>>> print(open('upload-v6.txt').read())   # compact mmCIF, C-alpha atoms and all ligand atoms
# COMPACT_ATOMS: atom_id res chain seq x y z
CA MET A 22 -19.63 -32.70 3.95
CA SER A 23 -16.82 -31.57 1.64
CA GLU A 24 -15.09 -28.25 2.24
CA ALA A 25 -16.57 -26.88 -0.99
CA ASN A 26 -20.09 -27.63 0.26
CA THR A 27 -19.43 -25.98 3.58
CA ARG A 28 -18.33 -22.84 1.78
CA LEU A 29 -21.37 -22.77 -0.48
CA ARG A 30 -23.65 -23.03 2.52
CA ARG A 31 -22.08 -20.13 4.39
CA ILE A 32 -24.40 -17.23 5.16
CA ARG A 33 -22.74 -14.09 3.89
CA SER A 34 -22.96 -10.61 5.40
CA PHE A 35 -23.52 -8.97 2.01
CA VAL A 36 -25.49 -9.29 -1.19
CA LEU A 37 -23.59 -7.91 -4.14
CA ARG A 38 -25.52 -5.23 -5.96
CA GLU A 39 -22.74 -3.93 -8.10
CA GLY A 40 -24.28 -0.75 -9.41
CA ARG A 41 -22.49 1.08 -12.19
CA LEU A 42 -18.88 2.04 -11.94
CA THR A 43 -18.19 5.66 -12.79
CA ARG A 44 -15.54 6.22 -15.42
CA GLY A 45 -13.20 7.52 -12.71
CA GLN A 46 -13.70 4.38 -10.59
CA GLN A 47 -13.14 2.11 -13.60
CA GLN A 48 -9.94 3.94 -14.51
CA ALA A 49 -8.72 3.86 -10.91
CA LEU A 50 -9.31 0.08 -10.76
CA GLU A 51 -7.34 -0.44 -13.96
CA ARG A 52 -4.48 1.90 -13.15
CA PHE A 53 -4.07 1.70 -9.39
CA TRP A 54 -5.16 -1.83 -8.38
CA PRO A 55 -1.74 -3.22 -9.36
CA LYS A 56 -0.14 -0.58 -7.09
CA TYR A 57 -2.33 -0.73 -3.98
CA GLY A 58 -4.51 -3.84 -4.39
CA VAL A 59 -3.84 -7.27 -2.95
CA ASP A 60 -5.30 -10.18 -4.92
CA TYR A 61 -7.21 -12.78 -2.93
CA ARG A 62 -5.28 -16.04 -2.52
CA GLU A 63 -5.62 -18.84 -0.03
CA ALA A 64 -2.15 -18.21 1.39
CA PRO A 65 -1.03 -16.13 4.40
CA LEU A 66 0.14 -12.61 3.62
CA ASP A 67 3.58 -11.38 4.57
CA LEU A 68 2.44 -8.03 6.00
CA SER A 69 5.94 -6.62 6.57
CA ALA A 70 6.81 -7.33 2.92
CA LEU A 71 3.48 -5.87 1.75
CA PHE A 72 4.01 -2.54 3.52
CA GLY A 73 7.80 -2.54 3.41
CA ASN A 74 8.06 -2.01 7.18
CA ASP A 75 7.03 -3.53 10.53
CA ARG A 76 4.59 -0.85 11.69
CA PRO A 77 1.43 -2.08 13.44
CA VAL A 78 -1.33 -3.14 11.03
CA ILE A 79 -4.95 -2.05 11.49
CA LEU A 80 -7.64 -3.87 9.52
CA GLU A 81 -10.85 -2.17 8.39
CA ILE A 82 -13.72 -4.36 7.22
CA GLY A 83 -16.32 -2.82 4.88
CA PHE A 84 -14.75 0.59 4.20
CA GLY A 85 -17.58 1.64 1.84
CA ASN A 86 -16.35 4.51 -0.34
CA GLY A 87 -13.18 4.69 1.77
CA GLU A 88 -13.23 8.37 2.61
CA SER A 89 -12.92 7.87 6.36
CA LEU A 90 -10.24 5.18 5.92
CA ALA A 91 -8.16 7.45 3.67
CA ALA A 92 -8.44 10.24 6.25
CA GLN A 93 -7.28 7.91 9.03
CA ALA A 94 -4.37 6.57 6.98
CA ALA A 95 -3.27 10.16 6.31
CA ALA A 96 -3.60 11.09 9.99
CA GLU A 97 -1.77 8.00 11.31
CA PRO A 98 1.45 7.47 9.33
CA GLN A 99 2.75 5.39 12.26
CA HIS A 100 0.23 2.65 11.34
CA ASN A 101 -0.34 0.51 8.29
CA PHE A 102 -3.95 0.01 7.17
CA LEU A 103 -5.45 -2.90 5.31
CA GLY A 104 -8.97 -2.26 3.99
CA ILE A 105 -11.40 -4.94 2.84
CA GLU A 106 -14.52 -4.23 0.79
CA VAL A 107 -16.66 -6.34 -1.54
CA HIS A 108 -18.30 -3.38 -3.33
CA ARG A 109 -16.24 -2.62 -6.45
CA PRO A 110 -17.24 1.04 -6.89
CA GLY A 111 -16.04 1.71 -3.32
CA VAL A 112 -12.71 0.01 -4.04
CA GLY A 113 -12.31 2.15 -7.17
CA HIS A 114 -13.15 5.29 -5.22
CA LEU A 115 -10.60 4.57 -2.49
CA LEU A 116 -7.87 3.61 -4.99
CA ARG A 117 -8.23 7.08 -6.49
CA LEU A 118 -7.99 8.73 -3.05
CA ILE A 119 -4.83 6.76 -2.22
CA GLU A 120 -3.19 7.90 -5.43
CA GLU A 121 -4.36 11.53 -5.14
CA GLN A 122 -3.25 11.82 -1.51
CA GLY A 123 0.01 9.89 -2.01
CA LEU A 124 -0.82 7.48 0.85
CA THR A 125 1.90 4.87 1.35
CA ASN A 126 0.39 3.03 4.34
CA LEU A 127 -2.87 1.72 2.89
CA ARG A 128 -3.52 -1.47 0.87
CA LEU A 129 -6.84 -2.93 -0.26
CA LEU A 130 -8.49 -6.31 -0.65
CA HIS A 131 -11.61 -6.82 -2.73
CA HIS A 132 -13.13 -9.97 -1.25
CA ASP A 133 -15.29 -11.36 1.57
CA ALA A 134 -13.56 -10.35 4.80
CA VAL A 135 -14.44 -13.65 6.48
CA GLU A 136 -12.47 -15.61 3.87
CA VAL A 137 -9.63 -13.10 3.96
CA LEU A 138 -9.39 -13.54 7.74
CA GLU A 139 -9.50 -17.30 7.45
CA HIS A 140 -6.91 -17.66 4.71
CA MET A 141 -4.75 -14.55 4.40
CA ILE A 142 -4.32 -12.90 7.79
CA PRO A 143 -1.72 -14.71 9.91
CA PRO A 144 -2.38 -15.50 13.59
CA ARG A 145 -1.78 -12.57 15.99
CA ALA A 146 -0.98 -10.25 13.10
CA LEU A 147 -3.32 -7.32 13.78
CA ALA A 148 -2.87 -4.39 16.17
CA GLY A 149 -6.46 -3.29 15.62
CA VAL A 150 -9.69 -4.08 13.79
CA GLN A 151 -12.37 -1.54 12.91
CA ILE A 152 -15.83 -2.20 11.50
CA TYR A 153 -17.76 1.01 11.00
CA PHE A 154 -21.46 0.83 10.25
CA PRO A 155 -21.67 -2.76 9.04
CA ASP A 156 -24.85 -3.58 7.10
CA PRO A 157 -27.55 -3.57 9.82
CA TRP A 158 -29.82 -6.22 8.30
CA PRO A 159 -32.81 -4.82 10.23
CA LYS A 160 -35.35 -7.58 9.53
CA LYS A 161 -35.34 -10.31 12.14
CA LYS A 162 -35.13 -13.08 9.53
CA HIS A 163 -31.92 -11.45 8.24
CA HIS A 164 -30.18 -11.03 11.62
CA LYS A 165 -28.12 -14.13 10.84
CA ARG A 166 -26.45 -12.11 8.05
CA ARG A 167 -25.02 -9.56 10.48
CA ILE A 168 -21.24 -9.86 10.36
CA VAL A 169 -20.77 -9.35 14.11
CA GLN A 170 -21.57 -12.75 15.63
CA PRO A 171 -19.76 -14.72 18.36
CA ALA A 172 -18.20 -17.16 15.84
CA PHE A 173 -16.90 -14.26 13.75
CA LEU A 174 -15.47 -12.55 16.85
CA ARG A 175 -13.69 -15.77 17.80
CA LEU A 176 -12.12 -15.90 14.33
CA LEU A 177 -11.07 -12.24 14.63
CA ALA A 178 -9.53 -12.90 18.05
CA THR A 179 -7.16 -15.50 16.58
CA ARG A 180 -5.79 -12.91 14.15
CA MET A 181 -5.34 -10.15 16.77
CA GLN A 182 -2.36 -9.44 18.98
CA PRO A 183 -2.92 -9.41 22.75
CA GLY A 184 -4.08 -5.87 23.59
CA ALA A 185 -5.22 -5.16 20.02
CA PHE A 186 -8.37 -3.03 19.81
CA LEU A 187 -11.68 -3.92 18.23
CA HIS A 188 -13.69 -0.82 17.34
CA LEU A 189 -17.29 -1.25 16.19
CA ALA A 190 -19.76 1.50 15.34
CA THR A 191 -23.38 1.38 14.23
CA ASP A 192 -26.30 3.77 13.75
CA TRP A 193 -28.86 1.07 14.48
CA GLN A 194 -29.75 0.59 18.16
CA ASP A 195 -30.90 -2.97 17.73
CA TYR A 196 -27.56 -3.88 16.07
CA ALA A 197 -25.66 -2.06 18.85
CA GLU A 198 -27.45 -4.26 21.40
CA HIS A 199 -26.75 -7.34 19.26
CA MET A 200 -23.03 -6.37 19.20
CA VAL A 201 -22.96 -5.98 22.98
CA GLU A 202 -24.56 -9.41 23.41
CA ALA A 203 -22.15 -11.06 20.96
CA LEU A 204 -19.15 -9.46 22.69
CA HIS A 205 -20.31 -10.58 26.12
CA GLN A 206 -20.47 -14.12 24.76
CA VAL A 207 -16.74 -13.94 23.96
CA ALA A 208 -15.72 -12.09 27.11
CA ASP A 209 -13.03 -14.75 27.63
CA LEU A 210 -11.27 -13.26 24.57
CA PHE A 211 -12.17 -9.55 24.69
CA LYS A 212 -12.45 -6.93 27.43
CA ASN A 213 -14.58 -3.78 27.26
CA THR A 214 -12.56 -0.55 27.46
CA ALA A 215 -15.63 1.44 28.54
CA GLY A 216 -15.63 0.19 32.16
CA ASN A 217 -19.19 -0.12 33.41
CA ARG A 218 -20.68 1.42 30.30
CA GLU A 219 -21.25 -0.42 27.05
CA TYR A 220 -20.62 2.46 24.63
CA VAL A 221 -17.96 5.14 24.20
CA GLU A 222 -18.08 8.60 22.64
CA ARG A 223 -16.76 8.60 19.07
CA PRO A 224 -13.00 8.92 19.58
CA ALA A 225 -11.25 11.74 17.72
CA ARG A 226 -9.32 9.23 15.61
CA ARG A 227 -12.51 7.93 13.96
CA PRO A 228 -13.67 10.33 11.24
CA GLN A 229 -17.38 10.38 10.51
CA THR A 230 -18.24 8.04 7.66
CA LYS A 231 -20.54 8.51 4.68
CA PHE A 232 -23.00 5.96 6.01
CA GLU A 233 -22.99 7.61 9.44
CA ARG A 234 -23.84 11.01 7.96
CA ARG A 235 -26.69 9.44 6.01
CA GLY A 236 -28.01 7.92 9.26
CA GLN A 237 -27.80 11.27 11.01
CA ARG A 238 -29.87 12.90 8.28
CA LEU A 239 -32.49 10.23 8.97
CA GLY A 240 -32.39 11.00 12.69
CA HIS A 241 -30.37 7.92 13.75
CA GLY A 242 -28.00 7.91 16.74
CA THR A 243 -24.47 6.47 16.76
CA TRP A 244 -23.09 3.78 19.06
CA ASP A 245 -19.32 3.14 19.32
CA LEU A 246 -17.90 0.11 21.11
CA ILE A 247 -14.20 -0.41 21.80
CA TRP A 248 -13.00 -3.68 23.26
CA ARG A 249 -9.49 -5.13 23.57
CA ARG A 250 -8.12 -8.57 22.87
CA ARG A 251 -7.15 -10.16 26.16
CA ALA A 252 -3.74 -11.73 26.61
CA ASP A 253 -3.95 -15.56 26.39
C1 LIG B 301 -23.36 0.00 5.44
S1 LIG B 301 -21.87 -0.01 4.56
C2 LIG B 301 -20.81 1.05 5.52
C3 LIG B 301 -19.62 1.51 4.76
C4 LIG B 301 -18.65 2.44 5.51
N1 LIG B 301 -18.00 1.77 6.62
C5 LIG B 301 -19.36 3.69 6.00
O1 LIG B 301 -19.60 3.77 7.21
O2 LIG B 301 -19.67 4.56 5.17
C6 LIG B 301 -21.21 -1.64 4.92
C7 LIG B 301 -20.15 -2.08 3.93
O3 LIG B 301 -19.63 -3.35 4.30
C8 LIG B 301 -19.34 -4.10 3.13
N2 LIG B 301 -19.32 -5.51 3.52
C9 LIG B 301 -20.33 -6.23 4.04
N3 LIG B 301 -19.95 -7.49 4.30
C10 LIG B 301 -18.63 -7.56 3.94
C11 LIG B 301 -17.68 -8.62 3.95
N4 LIG B 301 -18.00 -9.84 4.41
N5 LIG B 301 -16.44 -8.36 3.51
C12 LIG B 301 -16.11 -7.13 3.04
N6 LIG B 301 -16.97 -6.09 2.99
C13 LIG B 301 -18.23 -6.31 3.44
C14 LIG B 301 -20.47 -3.72 2.19
O4 LIG B 301 -20.15 -3.93 0.84
C15 LIG B 301 -20.68 -2.24 2.51
O5 LIG B 301 -19.93 -1.40 1.65
>>> encode(input="upload-v6.txt", output="structure tokens")
Amino acid sequence: MSEANTRLRRIRSFVLREGRLTRGQQQALERFWPKYGVDYREAPLDLSALFGNDRPVILEIGFGNGESLAAQAAAEPQHNFLGIEVHRPGVGHLLRLIEEQGLTNLRLLHHDAVEVLEHMIPPRALAGVQIYFPDPWPKKKHHKRRIVQPAFLRLLATRMQPGAFLHLATDWQDYAEHMVEALHQVADLFKNTAGNREYVERPARRPQTKFERRGQRLGHGTWDLIWRRRAD
């Protein structure tokens, strides 16, 4: 099978329902994408050149409207943050926050995170990866669309430094259990930081997200998992 066919057949973790851009989001995309956006290309990124320094880089996949990521970038100037999101209104929203808050340590990609990891993130480049409230795909026939799968975790592991953290959070118990199972299948690459427990309390460095608050209003719980990349 040709490479093009393989790509077409890939099961994606999202279905694009663009929704309308607000005027503010549209303007932010036009004005601020050239400043803070990184165009998708099938070539490895030079992260030190992108941020203008060698600080550790933390990747967030699926930042939604970006409010929690902007808050973290503001609170952690010692880190660089790279955010990936496929939903254009969310990218527009976060671009505006970056500009308003004068954040210098946050850059965005608007593309499928799996392809970004494959083609743009160099091996052992990341000091941390965070995926907060990924789409839960609750129906059993859709479970294959969940982004957290053993093959995806193996890909992530190649892009992470030894000791780098992987922080997952979900408000869907069945997905939390699925995450635990997937992580145990790659226990040669990752180690649980929670000792004998599977889950940790939400650490202070993770702000609540928009999706999390929505879940809480519906009576959902929250499950945080923090694992670390083992040394080879
Ligand atoms: C349920 S929302 C959660 C958003 C945010 N983290 C929050 O907690 O408010 C999941 C987000 O992941 C994004 N997403 C899903 N698959 C993705 C992928 N492969 N690459 C980039 N973003 C993705 C979706 O567009 C969506 O905005």
>>> residues_around(input="upload-v6.txt", residues="Phe186 in chain A", least_positions_apart="4", cutoff="12 Å", atoms="all atoms listed in the file", output="VMD selection string")
chain A and resid 77 to 81 147 to 152 177 to 178 180 to 182 210 to 214 246 to 252
>>> closest_residue(input="upload-v6.txt", among="A:Arg234, A:Lys165, A:His108, A:Arg76", to="ligand LIG 301 (chain B)", atoms="only C-alpha atoms and all ligand atoms")
A:His108
>>> closest_residue(input="upload-v6.txt", among="A:Pro144, A:Gly83, A:Pro110, A:Gly104", to="Ala190 in chain A", atoms="all atoms listed in the file")
A:Gly83
>>> closest_atom_pairs(input="upload-v6.txt", of="chain A", to="ligand LIG 301 (chain B)", cutoff="9 Å", atoms="only C-alpha atoms and all ligand atoms", output="JSON lines")
{"residue": "A:Arg33", "atom": "CA", "partner": "B:LIG301", "partner_atom": "N4", "distance": 6.4}
{"residue": "A:Ser34", "atom": "CA", "partner": "B:LIG301", "partner_atom": "N3", "distance": 4.5}
{"residue": "A:Phe35", "atom": "CA", "partner": "B:LIG301", "partner_atom": "N3", "distance": 4.5}
{"residue": "A:Val36", "atom": "CA", "partner": "B:LIG301", "partner_atom": "O4", "distance": 7.8}
{"residue": "A:Leu37", "atom": "CA", "partner": "B:LIG301", "partner_atom": "O4", "distance": 7.2}
{"residue": "A:Arg38", "atom": "CA", "partner": "B:LIG301", "partner_atom": "O4", "distance": 8.8}
{"residue": "A:Glu81", "atom": "CA", "partner": "B:LIG301", "partner_atom": "N1", "distance": 8.4}
{"residue": "A:Ile82", "atom": "CA", "partner": "B:LIG301", "partner_atom": "C12", "distance": 5.6}
{"residue": "A:Gly83", "atom": "CA", "partner": "B:LIG301", "partner_atom": "O3", "distance": 3.4}
{"residue": "A:Phe84", "atom": "CA", "partner": "B:LIG301", "partner_atom": "N1", "distance": 4.2}
{"residue": "A:Gly85", "atom": "CA", "partner": "B:LIG301", "partner_atom": "C3", "distance": 3.6}
{"residue": "A:Asn86", "atom": "CA", "partner": "B:LIG301", "partner_atom": "O2", "distance": 6.4}
{"residue": "A:Gly87", "atom": "CA", "partner": "B:LIG301", "partner_atom": "C4", "distance": 7.0}
{"residue": "A:Glu88", "atom": "CA", "partner": "B:LIG301", "partner_atom": "O2", "distance": 7.9}
{"residue": "A:Ser89", "atom": "CA", "partner": "B:LIG301", "partner_atom": "O2", "distance": 7.6}
{"residue": "A:Leu90", "atom": "CA", "partner": "B:LIG301", "partner_atom": "N1", "distance": 8.5}
{"residue": "A:Gly104", "atom": "CA", "partner": "B:LIG301", "partner_atom": "C12", "distance": 8.7}
{"residue": "A:Ile105", "atom": "CA", "partner": "B:LIG301", "partner_atom": "C12", "distance": 5.2}
{"residue": "A:Glu106", "atom": "CA", "partner": "B:LIG301", "partner_atom": "N6", "distance": 3.8}
{"residue": "A:Val107", "atom": "CA", "partner": "B:LIG301", "partner_atom": "N6", "distance": 4.5}
{"residue": "A:His108", "atom": "CA", "partner": "B:LIG301", "partner_atom": "O4", "distance": 4.6}
{"residue": "A:Arg109", "atom": "CA", "partner": "B:LIG301", "partner_atom": "O4", "distance": 8.4}
{"residue": "A:Gly111", "atom": "CA", "partner": "B:LIG301", "partner_atom": "O5", "distance": 7.0}
{"residue": "A:Leu130", "atom": "CA", "partner": "B:LIG301", "partner_atom": "C12", "distance": 8.5}
{"residue": "A:His131", "atom": "CA", "partner": "B:LIG301", "partner_atom": "C12", "distance": 7.3}
{"residue": "A:His132", "atom": "CA", "partner": "B:LIG301", "partner_atom": "C12", "distance": 5.9}
{"residue": "A:Asp133", "atom": "CA", "partner": "B:LIG301", "partner_atom": "N5", "distance": 3.8}
{"residue": "A:Ala134", "atom": "CA", "partner": "B:LIG301", "partner_atom": "N5", "distance": 3.7}
{"residue": "A:Val135", "atom": "CA", "partner": "B:LIG301", "partner_atom": "N4", "distance": 5.6}
{"residue": "A:Glu136", "atom": "CA", "partner": "B:LIG301", "partner_atom": "N4", "distance": 8.0}
{"residue": "A:Val137", "atom": "CA", "partner": "B:LIG301", "partner_atom": "N5", "distance": 8.3}
{"residue": "A:Ile152", "atom": "CA", "partner": "B:LIG301", "partner_atom": "N1", "distance": 6.7}
{"residue": "A:Tyr153", "atom": "CA", "partner": "B:LIG301", "partner_atom": "N1", "distance": 4.5}
{"residue": "A:Phe154", "atom": "CA", "partner": "B:LIG301", "partner_atom": "O1", "distance": 4.6}
{"residue": "A:Pro155", "atom": "CA", "partner": "B:LIG301", "partner_atom": "C6", "distance": 4.3}
{"residue": "A:Asp156", "atom": "CA", "partner": "B:LIG301", "partner_atom": "C1", "distance": 4.2}
{"residue": "A:Pro157", "atom": "CA", "partner": "B:LIG301", "partner_atom": "C1", "distance": 7.0}
{"residue": "A:Arg166", "atom": "CA", "partner": "B:LIG301", "partner_atom": "N3", "distance": 8.8}
{"residue": "A:Arg167", "atom": "CA", "partner": "B:LIG301", "partner_atom": "N3", "distance": 8.3}
{"residue": "A:Ile168", "atom": "CA", "partner": "B:LIG301", "partner_atom": "N3", "distance": 6.6}
{"residue": "A:Ala190", "atom": "CA", "partner": "B:LIG301", "partner_atom": "O1", "distance": 8.4}
{"residue": "A:Thr191", "atom": "CA", "partner": "B:LIG301", "partner_atom": "O1", "distance": 8.3}
{"residue": "A:Gln229", "atom": "CA", "partner": "B:LIG301", "partner_atom": "O1", "distance": 7.7}
{"residue": "A:Thr230", "atom": "CA", "partner": "B:LIG301", "partner_atom": "O1", "distance": 4.5}
{"residue": "A:Lys231", "atom": "CA", "partner": "B:LIG301", "partner_atom": "O2", "distance": 4.1}
{"residue": "A:Phe232", "atom": "CA", "partner": "B:LIG301", "partner_atom": "O2", "distance": 3.7}
{"residue": "A:Glu233", "atom": "CA", "partner": "B:LIG301", "partner_atom": "O1", "distance": 5.6}
{"residue": "A:Arg234", "atom": "CA", "partner": "B:LIG301", "partner_atom": "O2", "distance": 8.2}
{"residue": "A:Arg235", "atom": "CA", "partner": "B:LIG301", "partner_atom": "O2", "distance": 8.6}
>>> write_last_selection(input="upload-v6.txt", atoms="C-alpha atoms", output="PDB file, keeping the file's coordinate frame")
ATOM      1  CA  ARG A  33     -22.740 -14.090   3.890  1.00  0.00           C
ATOM      2  CA  SER A  34     -22.960 -10.610   5.400  1.00  0.00           C
ATOM      3  CA  PHE A  35     -23.520  -8.970   2.010  1.00  0.00           C
ATOM      4  CA  VAL A  36     -25.490  -9.290  -1.190  1.00  0.00           C
ATOM      5  CA  LEU A  37     -23.590  -7.910  -4.140  1.00  0.00           C
ATOM      6  CA  ARG A  38     -25.520  -5.230  -5.960  1.00  0.00           C
ATOM      7  CA  GLU A  81     -10.850  -2.170   8.390  1.00  0.00           C
ATOM      8  CA  ILE A  82     -13.720  -4.360   7.220  1.00  0.00           C
ATOM      9  CA  GLY A  83     -16.320  -2.820   4.880  1.00  0.00           C
ATOM     10  CA  PHE A  84     -14.750   0.590   4.200  1.00  0.00           C
ATOM     11  CA  GLY A  85     -17.580   1.640   1.840  1.00  0.00           C
ATOM     12  CA  ASN A  86     -16.350   4.510  -0.340  1.00  0.00           C
ATOM     13  CA  GLY A  87     -13.180   4.690   1.770  1.00  0.00           C
ATOM     14  CA  GLU A  88     -13.230   8.370   2.610  1.00  0.00           C
ATOM     15  CA  SER A  89     -12.920   7.870   6.360  1.00  0.00           C
ATOM     16  CA  LEU A  90     -10.240   5.180   5.920  1.00  0.00           C
ATOM     17  CA  GLY A 104      -8.970  -2.260   3.990  1.00  0.00           C
ATOM     18  CA  ILE A 105     -11.400  -4.940   2.840  1.00  0.00           C
ATOM     19  CA  GLU A 106     -14.520  -4.230   0.790  1.00  0.00           C
ATOM     20  CA  VAL A 107     -16.660  -6.340  -1.540  1.00  0.00           C
ATOM     21  CA  HIS A 108     -18.300  -3.380  -3.330  1.00  0.00           C
ATOM     22  CA  ARG A 109     -16.240  -2.620  -6.450  1.00  0.00           C
ATOM     23  CA  GLY A 111     -16.040   1.710  -3.320  1.00  0.00           C
ATOM     24  CA  LEU A 130      -8.490  -6.310  -0.650  1.00  0.00           C
ATOM     25  CA  HIS A 131     -11.610  -6.820  -2.730  1.00  0.00           C
ATOM     26  CA  HIS A 132     -13.130  -9.970  -1.250  1.00  0.00           C
ATOM     27  CA  ASP A 133     -15.290 -11.360   1.570  1.00  0.00           C
ATOM     28  CA  ALA A 134     -13.560 -10.350   4.800  1.00  0.00           C
ATOM     29  CA  VAL A 135     -14.440 -13.650   6.480  1.00  0.00           C
ATOM     30  CA  GLU A 136     -12.470 -15.610   3.870  1.00  0.00           C
ATOM     31  CA  VAL A 137      -9.630 -13.100   3.960  1.00  0.00           C
ATOM     32  CA  ILE A 152     -15.830  -2.200  11.500  1.00  0.00           C
ATOM     33  CA  TYR A 153     -17.760   1.010  11.000  1.00  0.00           C
ATOM     34  CA  PHE A 154     -21.460   0.830  10.250  1.00  0.00           C
ATOM     35  CA  PRO A 155     -21.670  -2.760   9.040  1.00  0.00           C
ATOM     36  CA  ASP A 156     -24.850  -3.580   7.100  1.00  0.00           C
ATOM     37  CA  PRO A 157     -27.550  -3.570   9.820  1.00  0.00           C
ATOM     38  CA  ARG A 166     -26.450 -12.110   8.050  1.00  0.00           C
ATOM     39  CA  ARG A 167     -25.020  -9.560  10.480  1.00  0.00           C
ATOM     40  CA  ILE A 168     -21.240  -9.860  10.360  1.00  0.00           C
ATOM     41  CA  ALA A 190     -19.760   1.500  15.340  1.00  0.00           C
ATOM     42  CA  THR A 191     -23.380   1.380  14.230  1.00  0.00           C
ATOM     43  CA  GLN A 229     -17.380  10.380  10.510  1.00  0.00           C
ATOM     44  CA  THR A 230     -18.240   8.040   7.660  1.00  0.00           C
ATOM     45  CA  LYS A 231     -20.540   8.510   4.680  1.00  0.00           C
ATOM     46  CA  PHE A 232     -23.000   5.960   6.010  1.00  0.00           C
ATOM     47  CA  GLU A 233     -22.990   7.610   9.440  1.00  0.00           C
ATOM     48  CA  ARG A 234     -23.840  11.010   7.960  1.00  0.00           C
ATOM     49  CA  ARG A 235     -26.690   9.440   6.010  1.00  0.00           C
TER      50      ARG A 235
END
>>> closest_residue(input="upload-v6.txt", among="A:Arg227, A:Arg128, A:Arg117, A:Arg62", to="Gln47 in chain A", atoms="all atoms listed in the file")
A:Arg117
>>> residues_around(input="upload-v6.txt", residues="Leu68 in chain A", least_positions_apart="5", cutoff="9 Å", atoms="all atoms listed in the file", output="PyMOL selection string")
chain A and resi 73-75+78+142-143+146
>>> atom_distance(input="upload-v6.txt", atom1="CA of Gly242 in chain A", atom2="CA of Lys160 in chain A")
18.6 Å
>>> residues_around(input="upload-v6.txt", residues="Ala225 in chain A", least_positions_apart="2", cutoff="12 Å", atoms="all atoms listed in the file", output="ChimeraX atom specification")
/A:92-93,96,221-223,227-229,245
>>> atom_distance(input="upload-v6.txt", atom1="CA of Thr43 in chain A", atom2="CA of Val112 in chain A")
11.8 Å
>>> residues_around(input="upload-v6.txt", residues="Gly113 in chain A", least_positions_apart="6", cutoff="7 Å", atoms="all atoms listed in the file", output="number ranges by chain")
A: 46-47, 49-50
>>> axis_aligned_box(input="upload-v6.txt", around="range 168-182 of chain A", padding_each_side="5 Å", output="AutoDock Vina command-line options")
--center_x -12.0 --center_y -13.3 --center_z 14.7 --size_x 29.2 --size_y 17.8 --size_z 18.6
>>> residues_near_point(input="upload-v6.txt", point="(-14.4, -17.8, 17.1)", cutoff="12 Å", atoms="all atoms listed in the file", output="VMD selection string")
chain A and resid 135 138 to 139 169 to 181 203 to 204 206 to 211
>>> atom_distance(input="upload-v6.txt", atom1="CA of Leu42 in chain A", atom2="CA of Thr125 in chain A")
24.8 Å
>>> closest_residue(input="upload-v6.txt", among="A:Lys162, A:Arg44, A:Arg52, A:His188", to="Arg226 in chain A", atoms="all atoms listed in the file")
A:His188
>>> closest_residue(input="upload-v6.txt", among="A:Val201, A:His164, A:Glu39, A:Lys56", to="Leu124 in chain A", atoms="only C-alpha atoms")
A:Lys56
>>> closest_residue(input="upload-v6.txt", among="A:Lys161, A:Trp244, A:Val59, A:Ala215", to="Met200 in chain A", atoms="all atoms listed in the file")
A:Trp244
